[in-house]
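J.: Attaching a single structure in structure tokens format; questions to follow.
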Amino acid sequence: DQQVKQNSPSLSVQEGRISILNCDYTNSMFDYFLWYKKYPAEGPTFLISISSIKDKNEDGRFTVFLNKSAKHLSLHIVPSQPGDSAVYFCAASFNNAGNMLTFGGGTRLMVKP
Amino acid sequence: DAMVIQNPRYQVTQFGKPVTLSCSQTLNHNVMYWYQQKSSQAPKLLFHYYDKDFNNEADTPDNFQSRRPNTSFCFLDIRSPGLGDAAMYLCATSRWGVSNYGYTFGSGTRLTVV
């Protein structure tokens with residue numbers, strides 16, 4: 001049973017527009033969420049995170065929103081750039097499990113010039 | 001630069017022939033993880049080491065073994081690779097209890113079984 005799901009396998013956006021990537025989770029005990037970005041032939045790299053005590057975290061063009069009641073988080077990229085084209089994974093962890101991460105299946109973002 | 005290095009980047013092995021993938025880190029992180037990722041799927045945790053303590057996931061096949069001879073190195077041994085073991089294998093490290101940045105990943109090893 002997949003506890004972290006990214007239901008959109010791919011997303012195509014025009015350069016300069018907003019990209020919104022979504023992630024749903026089923027386990028209400030998750031209390032820390034992260035987004036990773038992965039280019040082809042490279043390992044995932046950390047992008048942004050959010051604790052369950054917050055509902056929003058912003059870092060430059062990247063903002064993550066957390067809706068605990070809906071068990072949903074989203075990553076907003078504004079404005080989108082061609083270099084943002086990559087696979088984005090969301091991940092979740094339980095605080096009492098140290099920092100063991102459970103990953104979603106990823107969303108491939110394509111930003112068109 | 002502190003980093004996680006996986007070797008080789010690409011590995012081709014014959015069906016049933018043992019293969020070893022390696023991972024090294026210069027971050028001095030106490031936890032090292034091995035993930036298997038197949039196309040369009042979530043990375044799947046195989047096992048992790050907390051210092052020298054080995055933790056196997058319940059559904060990791062016996063065919064997969066791991067060694068961590070010291071803090072810096074961790075190896076993934078596949079004793080008898082099958083066609084279904086073809087995947088990207090990702091090594092990651094973390095400092096236990098420091099969750100702000102999650103894991104640092106290596107670039108992965110893409111394993112092909114012929």
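Letters for chains follow the order of the structure tokens (A, B, ...), residue numbers begin at 1 for each chain, and ligand numbers begin at 1 in the order shown.
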When you get a sec, could you note down which chain B residues fall within 9 Å of chain A, using only C-alpha atoms, as a PyMOL selection string?

T.: chain B and resi 9+40-45+90-92+94-110

J.: Would you list the contacts of His29 in chain B as an mmCIF file with N, CA, C and O atoms, in the first residue's frame, taking every protein, DNA or RNA residue within 9 Å and counting only C-alpha atoms, but skipping same-chain residues closer than 3 positions in sequence?

T.:
```cif
data_model
loop_
_atom_site.group_PDB
_atom_site.id
_atom_site.type_symbol
_atom_site.label_atom_id
_atom_site.label_comp_id
_atom_site.auth_asym_id
_atom_site.auth_seq_id
_atom_site.Cartn_x
_atom_site.Cartn_y
_atom_site.Cartn_z
ATOM 1 N N GLN B 25 31.066 8.032 1.058
ATOM 2 C CA GLN B 25 30.616 9.366 1.453
ATOM 3 C C GLN B 25 31.717 10.085 2.228
ATOM 4 O O GLN B 25 32.495 9.467 2.966
ATOM 5 N N THR B 26 31.745 11.385 2.038
ATOM 6 C CA THR B 26 32.707 12.212 2.769
ATOM 7 C C THR B 26 32.000 13.134 3.760
ATOM 8 O O THR B 26 32.587 14.079 4.281
ATOM 9 N N MET B 32 23.435 5.216 6.350
ATOM 10 C CA MET B 32 23.543 5.005 4.901
ATOM 11 C C MET B 32 22.409 4.084 4.455
ATOM 12 O O MET B 32 22.067 3.135 5.157
ATOM 13 N N ASP B 51 25.028 3.603 11.858
ATOM 14 C CA ASP B 51 26.401 3.232 12.227
ATOM 15 C C ASP B 51 26.656 1.819 11.701
ATOM 16 O O ASP B 51 26.557 1.587 10.504
ATOM 17 N N THR B 71 32.637 3.882 8.323
ATOM 18 C CA THR B 71 31.651 4.971 8.176
ATOM 19 C C THR B 71 31.500 5.424 6.738
ATOM 20 O O THR B 71 30.417 5.804 6.302
ATOM 21 N N SER B 72 32.597 5.379 5.992
ATOM 22 C CA SER B 72 32.608 6.000 4.667
ATOM 23 C C SER B 72 32.057 5.126 3.559
ATOM 24 O O SER B 72 31.627 5.636 2.528
ATOM 25 N N THR B 93 22.726 9.094 2.268
ATOM 26 C CA THR B 93 23.221 9.202 3.630
ATOM 27 C C THR B 93 22.426 10.254 4.383
ATOM 28 O O THR B 93 21.816 11.140 3.767
ATOM 29 N N SER B 94 22.440 10.153 5.696
ATOM 30 C CA SER B 94 21.822 11.193 6.517
ATOM 31 C C SER B 94 22.445 11.170 7.896
ATOM 32 O O SER B 94 23.113 10.204 8.286
ATOM 33 N N ARG B 95 22.193 12.277 8.620
ATOM 34 C CA ARG B 95 22.605 12.312 10.018
ATOM 35 C C ARG B 95 21.345 12.078 10.833
ATOM 36 O O ARG B 95 20.400 12.876 10.768
ATOM 37 N N TRP B 96 21.311 10.991 11.550
ATOM 38 C CA TRP B 96 20.097 10.569 12.258
ATOM 39 C C TRP B 96 19.566 11.671 13.145
ATOM 40 O O TRP B 96 20.294 12.259 13.931
#
```

J.: For Leu83 in chain B, which residue out of B:Val113, B:Cys23, B:Ile5, B:Ala58 is the nearest one, using only C-alpha atoms?

T.: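 Answer, going by the shortest atom-to-atom distance: B:Val113.
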
J.: Near Asn22 in chain A, counting only C-alpha atoms, which residues have an atom at most 7 Å away, once you skip same-chain residues fewer than 4 positions from it, shown as a count of residues only?

T.: 4

J.: As an exercise, work out the distance from CA of Trp34 in chain B to CA of Asn56 in chain B in Å and give it to one decimal place.

T.: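 Computing it gives 10.1 Å between the two atoms.
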
J.: Give me, as a PyMOL selection string, the residues of range 8-113 of chain A that a backbone DSSP run labels strand (DSSP E or B).

T.: chain A and resi 10-14+19-25+32-38+45-51+56-59+62-67+72-77+86-93+102-103+107-112

J.: Set the distance at 9 Å and use only C-alpha atoms: which residues neighbour Ser52 in chain A once local chain neighbours fewer than 3 positions away are removed? I'd like the list as a PyMOL selection string.

T.: chain A and resi 30-33+55+66-68

J.: Of the residues B:Asn70, B:Ser80, B:Gln37, B:Thr60, which is the one nearest to Lys17 in chain B, using only C-alpha atoms?

T.: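 Smallest separation from Lys17 in chain B among the options: B:Ser80.
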
J.: Can you pull out the residues contacting Leu11 in chain A? Cut-off 10 Å, using only C-alpha atoms, and skip same-chain residues under 4 positions away; I want them as an MDAnalysis selection string.

T.: chainID A and resid 19:21 85 87 107:111

J.: Record the distance separating CA of Asn63 in chain B and CA of Asn28 in chain B, expressed in Å with one decimal.

T.: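 Straight-line distance from CA of Asn63 in chain B to CA of Asn28 in chain B works out to 28.4 Å.
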